[in-house]
Structure formats: structure tokens, C-alpha cells
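Novice: Below is the file my_file_20.txt, which contains compact mmCIF, C-alpha atoms.
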```
# COMPACT_ATOMS: atom_id res chain seq x y z
CA MET G 27 35.24 -9.63 -18.06
CA TRP G 28 33.58 -9.34 -14.63
CA THR G 29 32.56 -12.45 -12.77
CA GLU G 30 28.87 -13.06 -12.02
CA TYR G 31 29.22 -13.05 -8.22
CA SER G 32 32.40 -12.53 -6.24
CA ALA G 33 33.11 -14.29 -2.95
CA ILE G 34 36.09 -12.01 -2.30
CA GLY G 35 33.87 -9.08 -1.36
CA GLY G 36 34.42 -6.81 -4.35
CA PRO G 37 34.58 -6.64 -8.14
CA THR G 38 37.01 -9.04 -9.76
CA CYS G 39 38.51 -8.44 -13.18
CA LEU G 40 39.30 -11.41 -15.41
CA TYR G 41 41.26 -11.07 -18.62
CA ASP G 42 39.36 -11.73 -21.81
CA PRO G 43 40.46 -10.77 -25.32
CA GLU G 44 36.91 -9.40 -25.92
CA PRO G 45 35.67 -7.99 -22.58
CA GLU G 46 31.95 -7.63 -22.11
CA ASN G 47 30.26 -4.30 -21.62
CA VAL G 48 29.30 -4.85 -17.99
CA LEU G 49 27.19 -1.68 -17.72
CA ALA G 50 25.11 -2.70 -20.73
CA ASP G 51 24.66 -6.20 -19.29
CA ILE G 52 23.54 -4.76 -15.94
CA ALA G 53 21.13 -2.37 -17.69
CA ALA G 54 19.67 -5.30 -19.67
CA ARG G 55 18.80 -7.26 -16.52
CA ILE G 56 18.22 -4.56 -13.89
CA LEU G 57 14.41 -4.53 -14.21
CA THR G 58 14.29 -8.29 -13.53
CA ASP G 59 16.59 -7.85 -10.53
CA PHE G 60 14.51 -4.88 -9.32
CA ARG G 61 11.31 -6.93 -9.44
CA GLN G 62 12.90 -9.67 -7.32
CA LEU G 63 13.81 -7.36 -4.43
CA PRO G 64 12.02 -7.95 -1.10
CA VAL G 65 10.21 -4.59 -1.30
CA ASN G 66 7.64 -4.10 1.46
CA PRO G 67 4.31 -3.04 -0.12
CA GLY G 68 3.27 -1.26 3.08
CA THR G 69 -0.14 -1.77 4.64
CA LEU G 70 -3.62 -0.59 3.80
CA GLU G 71 -5.06 1.44 6.67
CA ILE G 72 -8.78 2.14 7.05
CA GLN G 73 -10.56 4.60 9.34
CA PRO G 74 -12.85 3.58 10.97
CA PHE G 75 -11.99 -0.13 11.05
CA PRO G 76 -13.17 -2.92 11.22
CA HIS G 77 -16.64 -1.33 10.94
CA THR G 78 -17.80 1.71 9.02
CA LEU G 79 -21.18 3.22 8.25
CA LYS G 80 -23.17 3.07 5.04
CA GLY G 81 -23.37 6.55 3.52
CA GLY G 82 -20.48 7.95 5.56
CA PRO G 83 -16.91 8.58 4.41
CA THR G 84 -14.34 5.87 5.10
CA ASN G 85 -10.72 7.04 5.00
CA PHE G 86 -8.17 4.80 3.25
CA TYR G 87 -4.40 5.31 3.12
CA THR G 88 -1.22 3.31 2.59
CA THR G 89 2.05 3.18 4.53
CA ALA G 90 4.23 2.35 1.49
CA THR G 91 7.63 4.08 1.72
CA GLU G 92 10.85 4.44 -0.25
CA GLN G 93 13.27 1.57 0.30
CA ALA G 94 16.92 1.00 -0.61
CA PHE G 95 18.91 -2.17 -1.26
CA ASP G 96 22.60 -2.95 -1.87
CA VAL G 97 23.22 -6.02 -4.01
CA THR G 98 25.93 -7.49 -6.21
CA VAL G 99 25.19 -7.96 -9.91
CA LEU G 100 27.82 -9.33 -12.31
CA GLY G 101 30.43 -8.69 -9.65
CA GLN G 102 29.50 -5.01 -9.29
CA ASN G 103 28.12 -3.20 -6.25
CA ILE G 104 24.63 -2.00 -7.12
CA HIS G 105 22.55 0.39 -5.01
CA LEU G 106 18.82 0.14 -5.82
CA ALA G 107 16.07 2.47 -4.61
CA ALA G 108 12.35 1.68 -4.86
CA THR G 109 10.04 4.70 -4.58
CA PRO G 110 6.22 4.54 -4.38
CA SER G 111 4.91 6.53 -7.34
CA SER G 112 1.21 5.68 -7.58
CA HIS G 113 -1.50 3.80 -5.73
CA SER G 114 -4.65 2.00 -6.88
CA TYR G 115 -7.30 1.39 -4.23
CA ALA G 116 -9.90 -1.38 -4.64
CA PHE G 117 -12.77 -0.86 -2.21
CA GLY G 118 -14.34 -4.31 -2.63
CA ASP G 119 -17.72 -3.07 -3.85
CA GLY G 120 -16.70 -2.80 -7.50
CA THR G 121 -15.34 0.74 -7.24
CA THR G 122 -11.70 1.76 -7.42
CA LEU G 123 -9.55 4.87 -7.10
CA GLY G 124 -6.37 5.35 -9.08
CA PRO G 125 -3.79 5.06 -10.10
CA THR G 126 -3.15 8.20 -8.09
CA PRO G 127 0.05 9.67 -6.63
CA VAL G 128 -1.89 10.30 -3.41
CA ALA G 129 -1.04 7.83 -0.63
CA GLY G 130 -3.60 9.31 1.77
CA TYR G 131 -3.02 10.07 5.42
CA PRO G 132 -4.47 9.30 8.86
CA ILE G 133 -7.06 11.64 10.34
CA PRO G 134 -8.12 12.12 13.98
CA GLU G 135 -10.86 9.80 15.25
CA THR G 136 -13.18 12.77 15.77
CA GLN G 137 -13.03 13.41 11.99
CA TRP G 138 -13.62 9.85 10.75
CA LEU G 139 -17.30 10.11 9.87
CA ILE G 140 -17.35 13.74 8.72
CA ASN G 141 -14.06 14.36 6.89
CA HIS G 142 -13.76 13.43 3.21
CA THR G 143 -10.15 12.99 2.09
CA ARG G 144 -8.83 12.49 -1.44
CA THR G 145 -8.67 8.74 -0.72
CA SER G 146 -12.03 8.40 1.08
CA HIS G 147 -14.79 6.12 -0.13
CA THR G 148 -18.50 6.06 0.68
CA TYR G 149 -20.26 2.68 0.67
CA THR G 150 -23.85 2.67 -0.54
CA SER G 151 -24.76 -0.84 0.71
CA THR G 152 -24.14 -2.79 3.88
CA GLY G 153 -21.95 -5.88 3.74
CA ASN G 154 -18.41 -7.17 4.10
CA TYR G 155 -15.95 -5.88 1.52
CA PRO G 156 -12.35 -7.09 0.91
CA THR G 157 -10.19 -4.04 0.20
CA THR G 158 -6.65 -3.73 -1.17
CA VAL G 159 -4.19 -1.15 -2.43
CA THR G 160 -1.69 -1.78 -5.23
CA THR G 161 1.40 0.42 -5.13
CA SER G 162 3.58 0.96 -8.19
CA PHE G 163 7.23 1.48 -7.29
CA THR G 164 9.63 3.18 -9.68
CA GLY G 165 13.32 2.50 -9.29
CA THR G 166 16.81 3.83 -9.73
CA TYR G 167 20.14 2.06 -9.59
CA SER G 168 23.77 3.09 -9.35
CA VAL G 169 26.82 1.01 -10.19
CA ASN G 170 29.87 1.21 -7.88
CA ASN G 171 28.70 4.52 -6.32
CA GLY G 172 28.06 6.07 -9.72
CA PRO G 173 25.17 8.39 -10.54
CA PRO G 174 21.60 7.07 -10.11
CA LEU G 175 20.10 5.73 -13.33
CA PRO G 176 16.37 5.17 -13.92
CA ILE G 177 14.96 1.67 -14.20
CA ASN G 178 12.64 1.37 -17.20
CA GLY G 179 9.57 -0.27 -15.66
CA THR G 180 7.74 -0.57 -12.35
CA LEU G 181 7.30 -3.04 -9.53
CA ASP G 182 3.57 -3.38 -8.69
CA LEU G 183 2.75 -4.82 -5.26
CA THR G 184 -0.70 -5.45 -3.76
CA THR G 185 -1.42 -5.63 -0.03
CA GLU G 186 -3.17 -8.55 1.59
CA PRO G 187 -6.96 -7.95 1.55
CA LYS G 188 -8.55 -6.30 4.60
CA THR G 189 -12.27 -6.84 5.07
CA ILE G 190 -14.31 -3.82 6.11
CA GLN G 191 -17.79 -4.39 7.55
CA VAL G 192 -20.28 -1.75 6.44
CA TRP G 193 -23.18 -1.24 8.84
CA LYS G 194 -26.28 0.91 8.73
CA THR G 195 -27.49 3.19 11.49
CA GLU G 196 -30.99 3.75 12.81
CA THR G 197 -32.15 6.71 14.83
CA ALA G 198 -35.24 7.27 16.93
CA LEU G 199 -36.53 9.88 19.33
CA VAL G 200 -36.96 8.54 22.84
CA ALA G 201 -38.36 10.14 25.97
CA ASP G 202 -36.36 8.22 28.55
CA THR G 203 -32.71 7.44 29.20
CA CYS G 204 -31.65 3.81 29.63
CA GLN G 205 -31.25 4.48 33.38
CA GLU G 206 -34.82 5.78 33.64
CA ASN G 207 -36.32 3.05 31.47
CA PRO G 208 -34.01 0.07 30.71
CA GLN G 209 -36.57 -1.20 28.15
CA SER G 210 -36.45 2.05 26.15
CA TRP G 211 -35.58 1.85 22.44
CA GLY G 212 -31.87 1.36 21.85
CA CYS G 213 -31.01 0.34 25.41
CA PRO G 214 -28.90 -2.81 25.91
CA GLY G 215 -31.20 -5.81 26.30
CA ALA G 216 -34.33 -3.90 25.28
CA ASP G 217 -36.77 -5.31 22.76
CA THR G 218 -36.27 -2.85 19.88
CA GLU G 219 -38.67 -4.55 17.48
CA ARG G 220 -41.49 -2.10 16.88
```
Let's see the structure in the file written out as C-alpha cells.
Specialist:
Amino acid sequence: MWTEYSAIGGPTCLYDPEPENVLADIAARILTDFRQLPVNPGTLEIQPFPHTLKGGPTNFYTTATEQAFDVTVLGQNIHLAATPSSHSYAFGDGTTLGPTPVAGYPIPETQWLINHTRTSHTYTSTGNYPTTVTTSFTGTYSVNNGPPLPINGTLDLTTEPKTIQVWKTETALVADTCQENPQSWGCPGADTER
């Protein structure tokens, strides 16, 4: 039988008249071990941030990546891999996207308010909205450098909420620049109440 954890640095075999099936024991507990790994959920990125405009597209994406861990289980060397497989975005206004395999991607600043991506969202009301993304990680494990085996189940991790402030815009036609008439509509310090 294999010991639970070995201080010697490798697997240790102990004699037992009825040895356990170590691979079956590892398979029975691997999902629990997988869910206890310190997997980084990534971050939720928002463009533009911290402010966006009502009625315009806001780009969301996640930085979740594949991660690998080497641990010892029942005295055996186990290599675990956690791979992001789907993402569920919560936009804070009651709407969601996902689960979707699309992680999204950053776009140039010049495209923020005109480019709709597969993970964009358009807010219809002003306000402050807490947003999150939950990433589902699938896993594989290998025992003592053996072939990778699938883990039956997922590890679902949610990012810390990020609050996006949704503003509205107002436009007006003006005849003067702020240099020509500092009290013109929209100029800093001008009385814009009309």
C-alpha cells in the first residue's frame, strides 16, 4: 500500500497482504483535490474603465489562463492542469453573457466606443454597476508522469466585482470656442444650465 504523504521525496511502498488500488483511490478524490488548488481566476478587464457611456459598447474580457500544479497525493507524484473552458459575464444590470468559450480580447482605445466584440455589452441606463466574470476550469491529471487523464467536473471561480460607472452624453451646437467665449456651453466653469 502507498503512504498518504511521503517525507522522503518520492513514492514509498509498504507491504500489505491486500494492497489498495492506488490509481482508483486517486481517481476517487482527484476532483476534490483539483478544487482545492490555488488556481488564479484571472481578472475582469473593461474598456473603457472606470467610466463608459450609456448606449455605447463596453468591451469586457478576462485574463484567465491555463495553469499547472505538481502535488503529492497518496504518495504519488501528480501533475494537474487547469484549463479555462467557459466564461459567464455578469454586467451588473441584470443581464449576463454565457457560459461562452469566448474569453474576449483587448481592443485599441480608438475602437472602444465604436467596436462591438463578442463580449461587449451596451448599458441602457446610467448608474454604477458591479461586474464579474465566472470562469469554469476543466482539468487533467497524470500519475507519476503517466498519460493525462480527464477530471470529471469543473472548478468555477468568480473574479472580485469591478464597478463600472455608466454616464450619459449631451451634445449642443455652439458658435464660439472656449478660448473665444469662456462662458460658452460646455466650457470648464461655464454655467451650462439652459
Novice: List as JSON lines every residue of region 58-147 of chain G that is in contact with region 164-185 of chain G, defined as an atom at most 8 Å from one of its atoms (using only C-alpha atoms), together with the nearest atom pair and the distance in Å rounded to one decimal, sorted by chain and then rising number.
Specialist:
```
{"residue": "G:Phe60", "atom": "CA", "partner": "G:Leu181", "partner_atom": "CA", "distance": 7.4}
{"residue": "G:Arg61", "atom": "CA", "partner": "G:Leu181", "partner_atom": "CA", "distance": 5.6}
{"residue": "G:Pro67", "atom": "CA", "partner": "G:Leu183", "partner_atom": "CA", "distance": 5.7}
{"residue": "G:Gly68", "atom": "CA", "partner": "G:Thr185", "partner_atom": "CA", "distance": 7.1}
{"residue": "G:Thr69", "atom": "CA", "partner": "G:Thr185", "partner_atom": "CA", "distance": 6.2}
{"residue": "G:Leu70", "atom": "CA", "partner": "G:Thr185", "partner_atom": "CA", "distance": 6.7}
{"residue": "G:Gln102", "atom": "CA", "partner": "G:Asn170", "partner_atom": "CA", "distance": 6.4}
{"residue": "G:Asn103", "atom": "CA", "partner": "G:Asn170", "partner_atom": "CA", "distance": 5.0}
{"residue": "G:Ile104", "atom": "CA", "partner": "G:Val169", "partner_atom": "CA", "distance": 4.8}
{"residue": "G:His105", "atom": "CA", "partner": "G:Ser168", "partner_atom": "CA", "distance": 5.3}
{"residue": "G:Leu106", "atom": "CA", "partner": "G:Tyr167", "partner_atom": "CA", "distance": 4.4}
{"residue": "G:Ala107", "atom": "CA", "partner": "G:Thr166", "partner_atom": "CA", "distance": 5.3}
{"residue": "G:Ala108", "atom": "CA", "partner": "G:Gly165", "partner_atom": "CA", "distance": 4.6}
{"residue": "G:Thr109", "atom": "CA", "partner": "G:Thr164", "partner_atom": "CA", "distance": 5.3}
{"residue": "G:Pro110", "atom": "CA", "partner": "G:Thr164", "partner_atom": "CA", "distance": 6.4}
{"residue": "G:Ser111", "atom": "CA", "partner": "G:Thr164", "partner_atom": "CA", "distance": 6.2}
```
Novice: For each of G:Gln62, G:Ser151, G:Asn141, G:Gln93, take the minimum atom-to-atom distance to Gln191 (chain G), counting all atoms listed in the file, then give the residue where this is smallest.
Specialist: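 Answer, going by the shortest atom-to-atom distance: G:Ser151.
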Novice: Need to verify the contact set: His142 (chain G), 12 Å, all atoms listed in the file, exclusion of same-chain residues closer than 4 positions in sequence. Can you return it as a list in words?
Specialist: Gln73, Gly81, Gly82, Pro83, Thr84, Asn85, Phe86, Gly130, Tyr131, Pro132, Ile133, Gln137, Trp138, Ser146, His147 and Thr148 of chain G
Novice: Just C-alpha atoms for this one: save the residues we selected as a compact mmCIF listing (two decimals), in the coordinates of the input.
Specialist:
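What ended up in result-v2.txt:
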```txt
# COMPACT_ATOMS: atom_id res chain seq x y z
CA GLN G 73 -10.56 4.60 9.34
CA GLY G 81 -23.37 6.55 3.52
CA GLY G 82 -20.48 7.95 5.56
CA PRO G 83 -16.91 8.58 4.41
CA THR G 84 -14.34 5.87 5.10
CA ASN G 85 -10.72 7.04 5.00
CA PHE G 86 -8.17 4.80 3.25
CA GLY G 130 -3.60 9.31 1.77
CA TYR G 131 -3.02 10.07 5.42
CA PRO G 132 -4.47 9.30 8.86
CA ILE G 133 -7.06 11.64 10.34
CA GLN G 137 -13.03 13.41 11.99
CA TRP G 138 -13.62 9.85 10.75
CA SER G 146 -12.03 8.40 1.08
CA HIS G 147 -14.79 6.12 -0.13
CA THR G 148 -18.50 6.06 0.68
```
Novice: Between G:Thr91, G:Asn154, G:Thr121, G:Val99, which has the minimum distance to Arg55 (chain G) (counting only C-alpha atoms)?
Specialist: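 Looking at the shortest contact to Arg55 (chain G), the residue is G:Val99.
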Novice: Using all atoms listed in the file, which of the listed residues (G:Glu71, G:Thr158, G:Leu57, G:His77) sits closest to Val192 (chain G)?
Specialist: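 Among the listed residues, the smallest separation from Val192 (chain G) belongs to G:His77.
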Novice: What is the CA of Pro125 (chain G)-CA of Thr161 (chain G) distance in Å, reported with one decimal?
Specialist: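 Value for the CA of Pro125 (chain G)-CA of Thr161 (chain G) distance: 8.6 Å.
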Novice: Closest to Tyr87 (chain G) among G:Val48, G:Leu199, G:Ile72, G:Ala53, using all atoms listed in the file?
Specialist: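 Among the listed residues, G:Ile72 lies closest to Tyr87 (chain G).
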Novice: For CA of Pro74 (chain G) and CA of Ser210 (chain G), determine how far apart the two atoms are, in Å to one decimal place.
Specialist: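 A separation of 28.1 Å between them.
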Novice: Is there a way to get, as a list of chain:residue names, all residues within 8 Å of the point (-28.0, 6.9, 26.3) in file coordinates, counting only C-alpha atoms?
Specialist: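 Checked against the point, the hits come out as G:Thr203, G:Cys204, G:Cys213.
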Novice: With only C-alpha atoms as the atoms that count, which of G:Thr78, G:Thr152, G:Thr160, G:Thr98 lies nearest to Pro127 (chain G)?
Specialist: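 Once distances to Pro127 (chain G) are computed over only C-alpha atoms, the minimum belongs to G:Thr160.
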Novice: Which distance in Å separates CA of Gly118 (chain G) and CA of Tyr155 (chain G), to one decimal?
Specialist: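 So the two atoms, CA of Gly118 (chain G) and CA of Tyr155 (chain G), lie 4.7 Å apart.
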Novice: Restricting the calculation to only C-alpha atoms: of G:Asp59, G:His113, G:Thr157, G:Val65, which residue gets closest to Glu92 (chain G)?
Specialist: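 Closest to Glu92 (chain G), using only C-alpha atoms: G:Val65.
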Novice: Can you tell me, as JSON, the centre and edge lengths (Å, one decimal) of the axis-aligned box enclosing all of region 114-124 of chain G's listed atoms after padding each side by 5 Å?
Specialist:
```
{"center_x": -11.2, "center_y": 0.5, "center_z": -5.6, "size_x": 23.1, "size_y": 19.7, "size_z": 16.9}
```
